[in-house]
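This is my_file-v2.csv (CSV, C-alpha atoms).
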chain,number,residue,atom,x,y,z
A,1,MET,CA,114.6,121.9,143.0
A,2,LEU,CA,113.6,118.2,142.5
A,3,GLU,CA,114.3,116.0,145.5
A,4,VAL,CA,113.9,112.3,145.3
A,5,LYS,CA,114.2,110.4,148.7
A,6,LYS,CA,114.4,106.7,149.2
A,7,LEU,CA,112.3,105.9,146.1
A,8,SER,CA,111.4,102.2,145.5
A,9,LYS,CA,109.4,100.5,142.9
A,10,SER,CA,108.9,96.9,141.9
A,11,PHE,CA,106.8,95.2,139.2
A,12,ALA,CA,105.4,91.7,139.7
A,13,GLY,CA,107.7,91.0,142.6
A,14,ARG,CA,110.8,92.2,140.8
A,15,GLN,CA,112.5,95.2,142.4
A,16,ILE,CA,113.3,97.8,139.7
A,17,ILE,CA,114.3,100.8,141.9
A,18,LYS,CA,115.4,100.5,145.5
A,19,ASP,CA,116.0,103.3,148.0
A,20,LEU,CA,117.0,105.8,145.2
A,21,SER,CA,117.8,109.3,146.4
A,22,PHE,CA,119.1,112.3,144.5
A,23,ASN,CA,118.6,116.1,144.2
A,24,LEU,CA,118.4,118.2,141.0
A,25,ALA,CA,119.0,121.9,141.6
A,26,ASP,CA,117.1,124.6,139.7
A,27,GLY,CA,118.6,125.4,136.3
A,28,GLN,CA,120.6,122.2,136.3
A,29,THR,CA,120.5,119.4,133.7
A,30,MET,CA,120.7,115.8,134.9
A,31,THR,CA,121.1,112.8,132.7
A,32,VAL,CA,120.2,109.3,133.9
A,33,VAL,CA,122.2,106.5,132.3
A,34,GLY,CA,122.4,102.8,132.8
A,35,PRO,CA,121.8,99.5,131.2
A,36,SER,CA,118.4,98.3,129.9
A,37,GLY,CA,116.3,97.1,132.9
A,38,ALA,CA,118.0,99.4,135.3
A,39,GLY,CA,114.7,101.4,135.8
A,40,LYS,CA,115.5,104.6,133.9
A,41,THR,CA,112.2,104.9,132.1
A,42,THR,CA,110.4,103.7,135.2
A,43,LEU,CA,112.0,106.5,137.2
A,44,LEU,CA,110.9,109.1,134.6
A,45,ARG,CA,107.4,107.7,134.6
A,46,ILE,CA,107.2,107.9,138.4
A,47,ILE,CA,108.5,111.5,138.4
A,48,ALA,CA,106.0,112.4,135.6
A,49,GLY,CA,103.1,110.9,137.6
A,50,LEU,CA,102.5,108.1,135.0
A,51,GLU,CA,103.4,105.3,137.4
A,52,ALA,CA,102.8,105.0,141.1
A,53,LYS,CA,105.8,104.6,143.5
A,54,ASP,CA,105.9,101.9,146.1
A,55,ALA,CA,107.8,103.9,148.7
A,56,GLY,CA,109.7,107.1,149.0
A,57,GLU,CA,109.1,110.8,148.5
A,58,ILE,CA,109.3,113.2,145.6
A,59,LEU,CA,109.4,116.9,146.3
A,60,VAL,CA,109.4,119.7,143.8
A,61,ALA,CA,110.4,123.1,145.2
A,62,GLY,CA,110.2,121.7,148.7
A,63,GLN,CA,106.6,120.7,148.3
A,64,ALA,CA,104.9,117.3,147.7
A,65,TYR,CA,104.9,116.3,144.1
A,66,ASN,CA,102.6,118.3,141.8
A,67,PRO,CA,102.4,117.0,138.2
A,68,GLU,CA,101.6,120.5,136.9
A,69,LYS,CA,105.3,121.4,137.5
A,70,ILE,CA,106.7,118.7,135.3
A,71,SER,CA,106.4,118.3,131.5
A,72,VAL,CA,107.6,115.3,129.5
A,73,VAL,CA,109.0,114.9,126.0
A,74,PHE,CA,108.3,111.3,125.1
A,75,GLN,CA,110.5,109.0,123.1
A,76,ASP,CA,107.8,108.6,120.4
A,77,PHE,CA,106.8,112.3,120.9
A,78,ASN,CA,103.1,111.3,121.3
A,79,LEU,CA,101.9,114.4,119.4
A,80,PHE,CA,98.2,114.5,118.8
A,81,PRO,CA,97.7,113.5,115.1
A,82,ASN,CA,94.3,115.2,114.8
A,83,LEU,CA,95.7,118.6,115.8
A,84,THR,CA,98.0,121.0,113.9
A,85,VAL,CA,101.5,121.9,115.3
A,86,LEU,CA,100.0,125.1,116.7
A,87,GLU,CA,97.0,123.4,118.2
A,88,ASN,CA,99.2,120.7,119.7
A,89,ILE,CA,101.1,123.4,121.6
A,90,THR,CA,98.1,125.7,122.5
A,91,LEU,CA,95.6,123.1,123.6
A,92,ALA,CA,96.8,122.6,127.2
A,93,PRO,CA,97.8,126.2,127.9
A,94,LYS,CA,94.2,127.2,126.9
A,95,LEU,CA,92.4,124.4,128.8
A,96,VAL,CA,94.7,124.0,131.8
A,97,LEU,CA,96.5,127.3,132.3
A,98,LYS,CA,93.3,129.2,131.1
A,99,GLN,CA,95.3,131.3,128.7
A,100,SER,CA,93.2,133.3,126.1
A,101,ASP,CA,93.4,132.1,122.5
A,102,LEU,CA,95.5,135.1,121.6
A,103,GLU,CA,97.9,134.7,124.5
A,104,ALA,CA,98.4,130.9,123.9
A,105,LYS,CA,98.9,131.5,120.2
A,106,LYS,CA,101.5,134.3,120.8
A,107,GLU,CA,103.5,132.2,123.2
A,108,ALA,CA,103.3,129.1,120.9
A,109,GLU,CA,104.6,131.2,118.0
A,110,ASP,CA,107.4,132.5,120.1
A,111,LEU,CA,108.4,129.0,121.1
A,112,LEU,CA,108.1,127.8,117.5
A,113,GLU,CA,110.3,130.6,116.3
A,114,LYS,CA,113.0,129.8,118.9
A,115,LEU,CA,112.9,126.2,117.7
A,116,GLN,CA,112.9,127.2,114.0
A,117,MET,CA,109.5,125.6,113.5
A,118,LEU,CA,107.3,128.6,112.9
A,119,PRO,CA,106.8,127.9,109.2
A,120,TYR,CA,105.3,124.5,110.1
A,121,GLN,CA,102.7,125.8,112.6
A,122,ASN,CA,99.7,124.8,110.4
A,123,GLN,CA,101.0,121.3,109.4
A,124,TYR,CA,99.9,118.1,111.0
A,125,PRO,CA,102.3,115.7,112.7
A,126,TYR,CA,102.3,113.2,109.9
A,127,GLN,CA,103.7,115.9,107.6
A,128,LEU,CA,106.8,116.4,109.8
A,129,SER,CA,110.2,114.5,110.0
A,130,GLY,CA,111.3,112.9,113.3
A,131,GLY,CA,113.4,115.8,114.3
A,132,GLN,CA,110.6,118.3,113.6
A,133,LYS,CA,108.2,116.2,115.6
A,134,GLN,CA,110.6,116.3,118.5
A,135,ARG,CA,110.9,120.1,118.4
A,136,VAL,CA,107.1,120.3,118.5
A,137,ALA,CA,107.0,117.9,121.4
A,138,ILE,CA,109.6,120.1,123.2
A,139,ALA,CA,107.6,123.3,122.4
A,140,ARG,CA,104.4,121.6,123.6
A,141,ALA,CA,106.1,120.7,126.9
A,142,LEU,CA,107.7,124.2,127.3
A,143,ALA,CA,104.3,125.9,126.7
A,144,MET,CA,103.2,124.5,130.0
A,145,LYS,CA,106.0,126.5,131.7
A,146,PRO,CA,107.3,123.5,133.6
A,147,GLU,CA,109.7,123.8,136.5
A,148,ILE,CA,111.3,120.6,135.3
A,149,LEU,CA,111.4,119.4,131.7
A,150,CYS,CA,111.9,115.6,131.4
A,151,TYR,CA,113.0,113.7,128.2
A,152,ASP,CA,112.7,110.0,127.6
A,153,GLU,CA,115.6,108.9,125.3
A,154,PRO,CA,115.6,112.1,123.2
A,155,THR,CA,118.3,110.9,120.8
A,156,SER,CA,117.2,107.3,120.2
A,157,ALA,CA,114.8,108.0,117.3
A,158,LEU,CA,117.1,110.4,115.5
A,159,ASP,CA,120.0,110.1,113.0
A,160,PRO,CA,123.5,111.4,114.0
A,161,ASN,CA,122.9,114.9,112.5
A,162,LEU,CA,119.6,115.4,114.3
A,163,ARG,CA,121.2,114.0,117.5
A,164,GLN,CA,123.6,117.0,117.3
A,165,GLU,CA,120.7,119.4,116.8
A,166,VAL,CA,118.9,118.0,119.9
A,167,GLU,CA,122.1,118.4,121.9
A,168,LYS,CA,122.4,122.0,120.8
A,169,LEU,CA,118.8,122.6,121.7
A,170,ILE,CA,119.1,121.0,125.1
A,171,LEU,CA,122.3,123.1,125.8
A,172,ALA,CA,120.4,126.3,124.7
A,173,LEU,CA,117.6,125.5,127.1
A,174,LYS,CA,120.1,124.8,129.8
A,175,GLN,CA,121.6,128.2,129.2
A,176,SER,CA,118.2,129.8,129.5
A,177,GLY,CA,117.9,128.3,133.0
A,178,GLN,CA,115.5,125.5,132.3
A,179,THR,CA,115.8,122.6,134.7
A,180,GLN,CA,116.1,119.4,132.7
A,181,PHE,CA,115.9,115.7,133.6
A,182,ILE,CA,117.0,113.4,130.7
A,183,ILE,CA,116.9,109.6,130.4
A,184,THR,CA,119.4,108.3,127.9
A,185,HIS,CA,121.5,105.3,126.9
A,186,ASP,CA,123.9,107.5,124.9
A,187,LEU,CA,126.9,108.2,127.2
A,188,THR,CA,128.6,110.8,125.0
A,189,PHE,CA,125.4,112.8,124.7
A,190,ALA,CA,124.8,112.4,128.5
A,191,GLN,CA,128.3,113.8,129.2
A,192,ASN,CA,127.9,116.6,126.7
A,193,VAL,CA,124.7,118.1,128.1
A,194,ALA,CA,124.7,117.2,131.9
A,195,ASP,CA,125.7,119.1,135.0
A,196,GLN,CA,125.1,115.9,136.9
A,197,ILE,CA,125.0,112.3,135.7
A,198,LEU,CA,123.0,109.7,137.7
A,199,GLU,CA,124.0,106.1,136.9
A,200,LEU,CA,121.4,103.5,137.6
A,201,LYS,CA,122.5,99.8,137.9
A,202,ALA,CA,120.2,96.9,137.4
A,203,ILE,CA,119.4,95.6,140.9
A,204,GLY,CA,121.2,92.3,141.4
A,205,ASP,CA,124.2,93.4,139.3
B,1,MET,CA,52.7,105.9,84.8
B,2,ASN,CA,49.2,106.6,86.1
B,3,TYR,CA,49.5,103.5,88.4
B,4,VAL,CA,52.9,104.8,89.8
B,5,MET,CA,51.3,108.2,90.6
B,6,GLU,CA,48.4,106.4,92.2
B,7,ILE,CA,50.5,104.3,94.7
B,8,LEU,CA,53.3,106.9,95.2
B,9,PRO,CA,51.5,108.7,98.1
B,10,ALA,CA,51.2,105.5,100.1
B,11,LEU,CA,54.8,104.6,99.4
B,12,LEU,CA,56.0,108.0,100.4
B,13,ALA,CA,54.0,107.8,103.6
B,14,GLY,CA,55.7,104.5,104.3
B,15,THR,CA,59.1,106.1,103.5
B,16,LEU,CA,58.3,108.8,106.1
B,17,MET,CA,57.8,106.2,108.7
B,18,THR,CA,61.1,104.5,107.6
B,19,LEU,CA,62.9,107.8,107.9
B,20,LYS,CA,61.4,108.5,111.3
B,21,ILE,CA,62.6,105.2,112.7
B,22,PHE,CA,66.0,105.7,111.0
B,23,PHE,CA,66.8,109.2,112.2
B,24,SER,CA,65.4,108.7,115.7
B,25,THR,CA,67.4,105.5,116.1
B,26,ILE,CA,70.6,107.1,114.9
B,27,LEU,CA,70.2,110.2,117.1
B,28,LEU,CA,69.6,108.1,120.2
B,29,SER,CA,71.7,105.0,119.7
B,30,LEU,CA,75.0,106.7,118.7
B,31,PRO,CA,75.5,108.6,122.0
B,32,LEU,CA,74.1,105.6,123.9
B,33,GLY,CA,76.6,103.4,122.1
B,34,VAL,CA,79.5,105.6,123.2
B,35,LEU,CA,78.3,105.4,126.9
B,36,VAL,CA,77.9,101.6,126.6
B,37,ALA,CA,81.4,101.3,125.1
B,38,LEU,CA,82.8,103.3,128.1
B,39,GLY,CA,80.7,101.0,130.4
B,40,GLU,CA,82.3,97.9,128.8
B,41,MET,CA,85.7,99.4,129.5
B,42,SER,CA,84.9,100.5,133.0
B,43,LYS,CA,87.1,99.3,135.8
B,44,PHE,CA,84.1,99.1,138.1
B,45,LYS,CA,83.2,95.4,137.6
B,46,PRO,CA,79.4,95.5,138.3
B,47,VAL,CA,79.0,98.2,135.5
B,48,LYS,CA,81.2,96.3,133.1
B,49,TYR,CA,79.4,92.9,133.6
B,50,LEU,CA,75.9,94.5,133.4
B,51,VAL,CA,76.8,96.3,130.2
B,52,GLU,CA,78.4,93.2,128.7
B,53,PHE,CA,75.3,91.1,129.6
B,54,TYR,CA,73.1,93.7,127.8
B,55,VAL,CA,75.3,93.6,124.7
B,56,TRP,CA,75.3,89.8,124.7
B,57,ILE,CA,71.5,89.7,124.8
B,58,MET,CA,71.1,92.4,122.1
B,59,ARG,CA,73.7,90.8,119.7
B,60,GLY,CA,72.6,87.2,120.6
B,61,THR,CA,69.0,87.5,119.6
B,62,PRO,CA,67.3,88.6,116.4
B,63,LEU,CA,66.0,92.2,116.2
B,64,LEU,CA,62.7,90.8,115.0
B,65,LEU,CA,62.4,88.8,118.2
B,66,GLN,CA,63.3,91.9,120.3
B,67,LEU,CA,60.6,93.9,118.6
B,68,ILE,CA,58.0,91.2,119.4
B,69,PHE,CA,59.2,91.0,123.0
B,70,VAL,CA,59.0,94.8,123.5
B,71,PHE,CA,55.5,95.2,122.0
B,72,TYR,CA,53.8,91.9,122.9
B,73,GLY,CA,56.0,90.7,125.9
B,74,PHE,CA,56.5,93.8,128.0
B,75,PRO,CA,52.7,94.4,128.6
B,76,LEU,CA,52.8,91.1,130.6
B,77,ILE,CA,54.9,93.0,133.1
B,78,ASN,CA,52.7,96.1,132.8
B,79,LEU,CA,55.1,97.9,130.5
B,80,VAL,CA,53.0,99.0,127.6
B,81,PHE,CA,54.5,100.9,124.7
B,82,PRO,CA,52.5,102.3,121.7
B,83,ARG,CA,53.6,100.8,118.4
B,84,TYR,CA,56.1,103.5,117.3
B,85,GLU,CA,57.7,103.9,120.8
B,86,ALA,CA,58.0,100.1,121.0
B,87,ALA,CA,59.8,100.0,117.7
B,88,LEU,CA,62.1,102.8,118.6
B,89,PHE,CA,62.9,101.3,122.0
B,90,ALA,CA,63.9,98.0,120.4
B,91,PHE,CA,65.9,99.6,117.6
B,92,VAL,CA,67.8,102.0,119.9
B,93,LEU,CA,68.7,99.2,122.4
B,94,ASN,CA,69.8,96.9,119.5
B,95,TYR,CA,71.8,99.4,117.5
B,96,ALA,CA,73.4,100.9,120.6
B,97,ALA,CA,74.9,97.5,121.4
B,98,TYR,CA,76.4,97.1,117.9
B,99,PHE,CA,77.6,100.7,117.9
B,100,ALA,CA,79.1,100.1,121.4
B,101,GLU,CA,81.2,97.2,120.1
B,102,ILE,CA,82.4,99.4,117.2
B,103,PHE,CA,83.3,102.3,119.5
B,104,ARG,CA,85.0,99.9,122.0
B,105,GLY,CA,87.2,98.6,119.2
B,106,GLY,CA,88.0,102.2,118.2
B,107,LEU,CA,88.8,103.3,121.7
B,108,GLN,CA,91.1,100.3,122.3
B,109,SER,CA,93.0,101.1,119.1
B,110,ILE,CA,94.0,104.5,120.3
B,111,ASP,CA,97.7,104.4,121.3
B,112,LYS,CA,98.3,104.5,125.1
B,113,GLY,CA,100.8,107.3,124.5
B,114,GLN,CA,98.0,109.7,123.5
B,115,PHE,CA,96.4,109.2,127.0
B,116,GLU,CA,99.8,109.6,128.7
B,117,ALA,CA,100.6,112.8,126.7
B,118,ALA,CA,97.2,114.2,127.7
B,119,GLN,CA,97.9,113.2,131.3
B,120,VAL,CA,101.3,114.9,131.6
B,121,LEU,CA,99.7,118.0,130.0
B,122,ASN,CA,97.2,117.9,132.9
B,123,LEU,CA,94.2,117.6,130.7
B,124,THR,CA,91.1,116.2,132.5
B,125,LYS,CA,89.6,112.9,131.4
B,126,PHE,CA,86.7,114.7,129.8
B,127,GLN,CA,89.0,117.1,127.9
B,128,THR,CA,91.2,114.1,126.8
B,129,MET,CA,88.1,112.3,125.5
B,130,GLN,CA,86.6,115.4,123.8
B,131,LYS,CA,89.7,116.9,122.2
B,132,ILE,CA,92.0,114.0,121.6
B,133,VAL,CA,90.4,110.6,121.8
B,134,LEU,CA,86.9,110.9,120.3
B,135,PRO,CA,88.0,112.8,117.2
B,136,GLN,CA,90.6,110.0,116.5
B,137,VAL,CA,88.0,107.3,117.3
B,138,LEU,CA,85.5,108.8,115.0
B,139,LYS,CA,87.9,108.6,112.0
B,140,ILE,CA,88.7,105.0,112.8
B,141,VAL,CA,85.1,103.8,113.3
B,142,LEU,CA,83.4,105.7,110.5
B,143,PRO,CA,83.4,102.9,107.9
B,144,SER,CA,82.0,100.4,110.4
B,145,ILE,CA,79.4,102.8,111.6
B,146,ALA,CA,78.4,103.6,108.1
B,147,ASN,CA,77.9,99.9,107.4
B,148,GLU,CA,75.6,99.6,110.4
B,149,VAL,CA,73.7,102.8,109.3
B,150,ILE,CA,73.0,101.2,105.9
B,151,ASN,CA,71.8,98.0,107.7
B,152,LEU,CA,69.5,100.2,109.8
B,153,VAL,CA,67.8,101.6,106.7
B,154,LYS,CA,66.9,98.0,105.6
B,155,ASP,CA,66.3,96.7,109.1
B,156,SER,CA,63.6,99.4,109.6
B,157,SER,CA,61.3,97.2,107.4
B,158,LEU,CA,61.0,94.8,110.4
B,159,VAL,CA,58.6,97.1,112.1
B,160,TYR,CA,55.8,95.5,110.0
B,161,VAL,CA,55.8,92.8,112.7
B,162,ILE,CA,54.2,95.1,115.2
B,163,GLY,CA,51.8,96.6,112.7
B,164,LEU,CA,53.7,99.8,111.7
B,165,GLY,CA,53.3,101.0,108.1
B,166,ASP,CA,56.8,101.5,106.7
B,167,LEU,CA,57.9,101.6,103.1
B,168,LEU,CA,58.1,97.8,102.5
B,169,ARG,CA,54.7,97.3,104.1
B,170,ALA,CA,53.2,99.9,101.8
B,171,GLY,CA,54.7,98.2,98.8
B,172,ASN,CA,53.4,94.8,100.0
B,173,VAL,CA,49.9,96.1,100.5
B,174,ALA,CA,49.8,97.5,97.0
B,175,MET,CA,51.3,94.3,95.5
B,176,SER,CA,48.7,92.1,97.2
B,177,ARG,CA,45.8,94.4,96.3
B,178,ASP,CA,46.8,95.0,92.6
B,179,VAL,CA,48.5,91.7,91.9
B,180,THR,CA,51.6,93.3,90.4
B,181,LEU,CA,55.3,93.4,91.3
B,182,LEU,CA,55.7,97.0,90.3
B,183,PRO,CA,55.1,98.4,93.8
B,184,LEU,CA,58.1,96.3,95.0
B,185,VAL,CA,60.3,97.6,92.2
B,186,LEU,CA,59.4,101.1,93.3
B,187,VAL,CA,60.2,100.2,96.9
B,188,ALA,CA,63.6,98.8,95.8
B,189,ILE,CA,64.3,102.1,94.0
B,190,ILE,CA,63.4,104.2,97.1
B,191,TYR,CA,65.6,102.0,99.3
B,192,LEU,CA,68.5,102.4,96.8
B,193,ALA,CA,68.0,106.1,96.8
B,194,LEU,CA,68.1,106.2,100.7
B,195,ILE,CA,71.2,104.1,100.8
B,196,SER,CA,72.9,106.1,98.1
B,197,ALA,CA,72.2,109.2,100.2
B,198,CYS,CA,73.8,107.5,103.3
B,199,THR,CA,76.8,106.5,101.2
B,200,ILE,CA,77.3,110.1,100.0
B,201,VAL,CA,77.2,111.3,103.6
B,202,GLN,CA,79.7,108.6,104.5
B,203,LYS,CA,82.1,109.6,101.7
B,204,ARG,CA,81.8,113.3,102.7
B,205,LEU,CA,82.5,112.5,106.4
B,206,GLU,CA,85.5,110.3,105.4
B,207,HIS,CA,86.8,113.2,103.3
B,208,HIS,CA,86.3,115.5,106.2
B,209,PHE,CA,88.5,113.3,108.4
B,210,SER,CA,91.2,112.8,105.8
B,211,TYR,CA,93.0,116.0,106.9
B,212,TYR,CA,95.3,113.9,109.1
B,213,ARG,CA,96.7,110.4,109.3
Before anything else, please render the file you have as structure tokens.
Amino acid sequence: MLEVKKLSKSFAGRQIIKDLSFNLADGQTMTVVGPSGAGKTTLLRIIAGLEAKDAGEILVAGQAYNPEKISVVFQDFNLFPNLTVLENITLAPKLVLKQSDLEAKKEAEDLLEKLQMLPYQNQYPYQLSGGQKQRVAIARALAMKPEILCYDEPTSALDPNLRQEVEKLILALKQSGQTQFIITHDLTFAQNVADQILELKAIGD
Amino acid sequence: MNYVMEILPALLAGTLMTLKIFFSTILLSLPLGVLVALGEMSKFKPVKYLVEFYVWIMRGTPLLLQLIFVFYGFPLINLVFPRYEAALFAFVLNYAAYFAEIFRGGLQSIDKGQFEAAQVLNLTKFQTMQKIVLPQVLKIVLPSIANEVINLVKDSSLVYVIGLGDLLRAGNVAMSRDVTLLPLVLVAIIYLALISACTIVQKRLEHHFSYYR
């Protein structure tokens, strides 16, 4: 369970998030919607540990925030261009989770198979389409066995067909019990995938 | 032909000195350049300013002058280096400063998203540098580094100023003694061969890194 209590953040004297509280139960999918400047991406960055909060508390499974429990699928995917698809996925499990080469490779292959990306395992990111890159980014995040999987605008870089594919994928992960936290500006998508929708408003509106 | 065979041993001995300076400088100044680049980007201001001052001095004064300072100037403060060590000291400090600027440019051109992706995967800073950042930086900086390496082959001829016998000096001695330009033609051919070898290595390395974009 992700618990956010009275979270606040400001940049250069401008309050972006003020006293925000919410809970995300295990296995649930939450989408965060709101206009530009409402602090959606800032909220995700704080939860992912990429940005410091000014005040408030974030608890994961009742304990103080531990970044190892959260993985992120970035808007631009941020795959490592010097590594193959397989290496992108196995790097952190080997170095951080101390999995053996064989174990990491086996788990990565299982994930790639589920995401229909196994034939691309030896390709480099530049050889993949936007949708394929996103699947690899999801596989890389899932390989860390996160308690919460966060997405930053997962549909924004994709055409309508691929948008539907991502929706299916997120629904499939939801069915498998994965807790998901999704930032999006796409209301239809947000409604289709969410158990809960959190609407942020620009402060001052 | 007999004359060429006669002066060749002296030229090859000079070439050996040139190669000694060249390889030792590369081996020491490249890693030092990476450290200096990291120092220039340090958030700890005293380190950043100190390193920037060092780079300013090294890039702001001629290498010839630095060689003279190290060999003739340092003994005034009781720091005495033998000729070869003095040359190496000056070359390594000078080239590390240039390499540092190239590495700094490469490091700053890596997308912030790469660091953030590594951070959310819980990689340590060292793992991020080793597995993600440096391999990408190397590809970016390779042409500029190769340029400096080629300059180094030619700059090594400056060691004559502190009395070391390199390739150019060997050619000069033969030219003055025998009153002919032929030794310098041979010197030019040897320099061209050395630089061609560097260019081949550069092309191979660029090819090696072309596996991704």
Mind running chain B against chain A at 9 Å and telling me each contacting residue's nearest atom pair with the distance in Å (one decimal), counting only C-alpha atoms, chain and number ascending, as a Markdown table?
| residue | atom | partner | partner_atom | distance |
| --- | --- | --- | --- | --- |
| B:Asp111 | CA | A:Asn78 | CA | 8.8 |
| B:Gly113 | CA | A:Asn78 | CA | 5.6 |
| B:Gln114 | CA | A:Asn78 | CA | 5.8 |
| B:Glu116 | CA | A:Leu50 | CA | 7.0 |
| B:Ala117 | CA | A:Asn78 | CA | 6.1 |
| B:Ala118 | CA | A:Ala92 | CA | 8.4 |
| B:Gln119 | CA | A:Leu50 | CA | 7.8 |
| B:Val120 | CA | A:Ser71 | CA | 6.1 |
| B:Leu121 | CA | A:Ala92 | CA | 6.1 |
| B:Asn122 | CA | A:Glu68 | CA | 6.5 |
| B:Leu123 | CA | A:Val96 | CA | 6.5 |
| B:Thr124 | CA | A:Val96 | CA | 8.6 |
| B:Gln127 | CA | A:Leu95 | CA | 8.1 |
| B:Lys131 | CA | A:Leu91 | CA | 8.7 |
| B:Ile132 | CA | A:Phe80 | CA | 6.8 |
| B:Pro135 | CA | A:Asn82 | CA | 7.2 |
| B:Gln136 | CA | A:Asn82 | CA | 6.6 |
| B:Phe209 | CA | A:Asn82 | CA | 8.8 |
| B:Tyr211 | CA | A:Asn82 | CA | 8.0 |
| B:Tyr212 | CA | A:Asn82 | CA | 5.9 |
| B:Arg213 | CA | A:Tyr126 | CA | 6.3 |
Using only C-alpha atoms, which protein or nucleic acid residues come within 12 Å of region 140-144 of chain B? Drop anything in the same chain fewer than 2 positions from it, and give the result as a compact mmCIF listing (two decimals) with C-alpha atoms, in the coordinates of the input.
# COMPACT_ATOMS: atom_id res chain seq x y z
CA ASN A 82 94.30 115.20 114.80
CA LEU B 30 75.00 106.70 118.70
CA VAL B 34 79.50 105.60 123.20
CA TYR B 98 76.40 97.10 117.90
CA PHE B 99 77.60 100.70 117.90
CA ALA B 100 79.10 100.10 121.40
CA GLU B 101 81.20 97.20 120.10
CA ILE B 102 82.40 99.40 117.20
CA PHE B 103 83.30 102.30 119.50
CA ARG B 104 85.00 99.90 122.00
CA GLY B 105 87.20 98.60 119.20
CA GLY B 106 88.00 102.20 118.20
CA LEU B 107 88.80 103.30 121.70
CA GLN B 108 91.10 100.30 122.30
CA SER B 109 93.00 101.10 119.10
CA ILE B 110 94.00 104.50 120.30
CA VAL B 133 90.40 110.60 121.80
CA LEU B 134 86.90 110.90 120.30
CA PRO B 135 88.00 112.80 117.20
CA GLN B 136 90.60 110.00 116.50
CA VAL B 137 88.00 107.30 117.30
CA LEU B 138 85.50 108.80 115.00
CA ALA B 146 78.40 103.60 108.10
CA ASN B 147 77.90 99.90 107.40
CA GLU B 148 75.60 99.60 110.40
CA VAL B 149 73.70 102.80 109.30
CA ILE B 150 73.00 101.20 105.90
CA ASN B 151 71.80 98.00 107.70
CA CYS B 198 73.80 107.50 103.30
CA THR B 199 76.80 106.50 101.20
CA VAL B 201 77.20 111.30 103.60
CA GLN B 202 79.70 108.60 104.50
CA LYS B 203 82.10 109.60 101.70
CA ARG B 204 81.80 113.30 102.70
CA LEU B 205 82.50 112.50 106.40
CA GLU B 206 85.50 110.30 105.40
CA HIS B 207 86.80 113.20 103.30
CA HIS B 208 86.30 115.50 106.20
CA PHE B 209 88.50 113.30 108.40
CA SER B 210 91.20 112.80 105.80
CA TYR B 212 95.30 113.90 109.10
CA ARG B 213 96.70 110.40 109.30
Near region 86-92 of chain B, within 10 Å and counting all atoms listed in the file, which residues show up once chain neighbours fewer than 2 positions away are dropped, as an MDAnalysis selection string? chainID B and resid 20:22 24:30 32:33 58 63:72 74 80:84 94:97 152 155:156 158:162 164
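Relative to CA of Val4 (chain A), CA of Gln63 (chain A) is found at 11.5 Å.
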I'd like to know which of A:Ala104, A:Ala25, A:Asp54, A:Gln196 is closest to Gly13 (chain A), using all atoms listed in the file. A:Asp54
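In this structure, CA of Leu181 (chain B) sits 13.4 Å away from CA of Arg169 (chain B).
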Please, what distance in Å, to one decimal, runs between CA of Val32 (chain A) and CA of Lys168 (chain A)? 18.4 Å
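Minimum atom-to-atom distance to Met5 (chain B), evaluated using all atoms listed in the file, belongs to B:Leu186 out of B:Pro31, B:Val47, B:Leu192, B:Leu186.
If you measure from each of B:Lys112, B:Tyr191, B:Thr180, B:Tyr49 to Ser157 (chain B) using all atoms listed in the file, the closest one turns out to be B:Tyr191.
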What would the list of residues within 6 Å of (116.2, 106.9, 146.4) (file frame) look like as a PDB file with C-alpha atoms, keeping the file's coordinate frame, if all atoms listed in the file are what count?
ATOM      1  CA  VAL A   4     113.900 112.300 145.300  1.00  0.00           C
ATOM      2  CA  LYS A   5     114.200 110.400 148.700  1.00  0.00           C
ATOM      3  CA  LYS A   6     114.400 106.700 149.200  1.00  0.00           C
ATOM      4  CA  LEU A   7     112.300 105.900 146.100  1.00  0.00           C
ATOM      5  CA  ASP A  19     116.000 103.300 148.000  1.00  0.00           C
ATOM      6  CA  LEU A  20     117.000 105.800 145.200  1.00  0.00           C
ATOM      7  CA  SER A  21     117.800 109.300 146.400  1.00  0.00           C
TER       8      SER A  21
END
Could you name the residues that touch Lys201 (chain A) at 9 Å or less, counting only C-alpha atoms, but leaving out those on the same chain fewer than 6 positions away, as an NGL selection string? :A and (33-35 or 37-39)
Atoms added to region 6-11 of chain B (N, CA and C atoms), reported as a PDB file, in the frame of the given file:
ATOM      1  N   GLU B   6      49.500 106.760  91.310  1.00  0.00           N
ATOM      2  CA  GLU B   6      48.400 106.400  92.200  1.00  0.00           C
ATOM      3  C   GLU B   6      48.940 105.775  93.519  1.00  0.00           C
ATOM      4  N   ILE B   7      50.006 104.946  93.421  1.00  0.00           N
ATOM      5  CA  ILE B   7      50.500 104.300  94.700  1.00  0.00           C
ATOM      6  C   ILE B   7      51.608 105.094  95.354  1.00  0.00           C
ATOM      7  N   LEU B   8      52.123 106.106  94.653  1.00  0.00           N
ATOM      8  CA  LEU B   8      53.300 106.900  95.200  1.00  0.00           C
ATOM      9  C   LEU B   8      52.955 107.495  96.583  1.00  0.00           C
ATOM     10  N   PRO B   9      51.768 108.111  96.771  1.00  0.00           N
ATOM     11  CA  PRO B   9      51.500 108.700  98.100  1.00  0.00           C
ATOM     12  C   PRO B   9      51.629 107.709  99.233  1.00  0.00           C
ATOM     13  N   ALA B  10      51.108 106.487  99.010  1.00  0.00           N
ATOM     14  CA  ALA B  10      51.200 105.500 100.100  1.00  0.00           C
ATOM     15  C   ALA B  10      52.636 105.071 100.318  1.00  0.00           C
ATOM     16  N   LEU B  11      53.393 104.938  99.212  1.00  0.00           N
ATOM     17  CA  LEU B  11      54.800 104.600  99.400  1.00  0.00           C
ATOM     18  C   LEU B  11      55.583 105.679 100.093  1.00  0.00           C
TER      19      LEU B  11
END
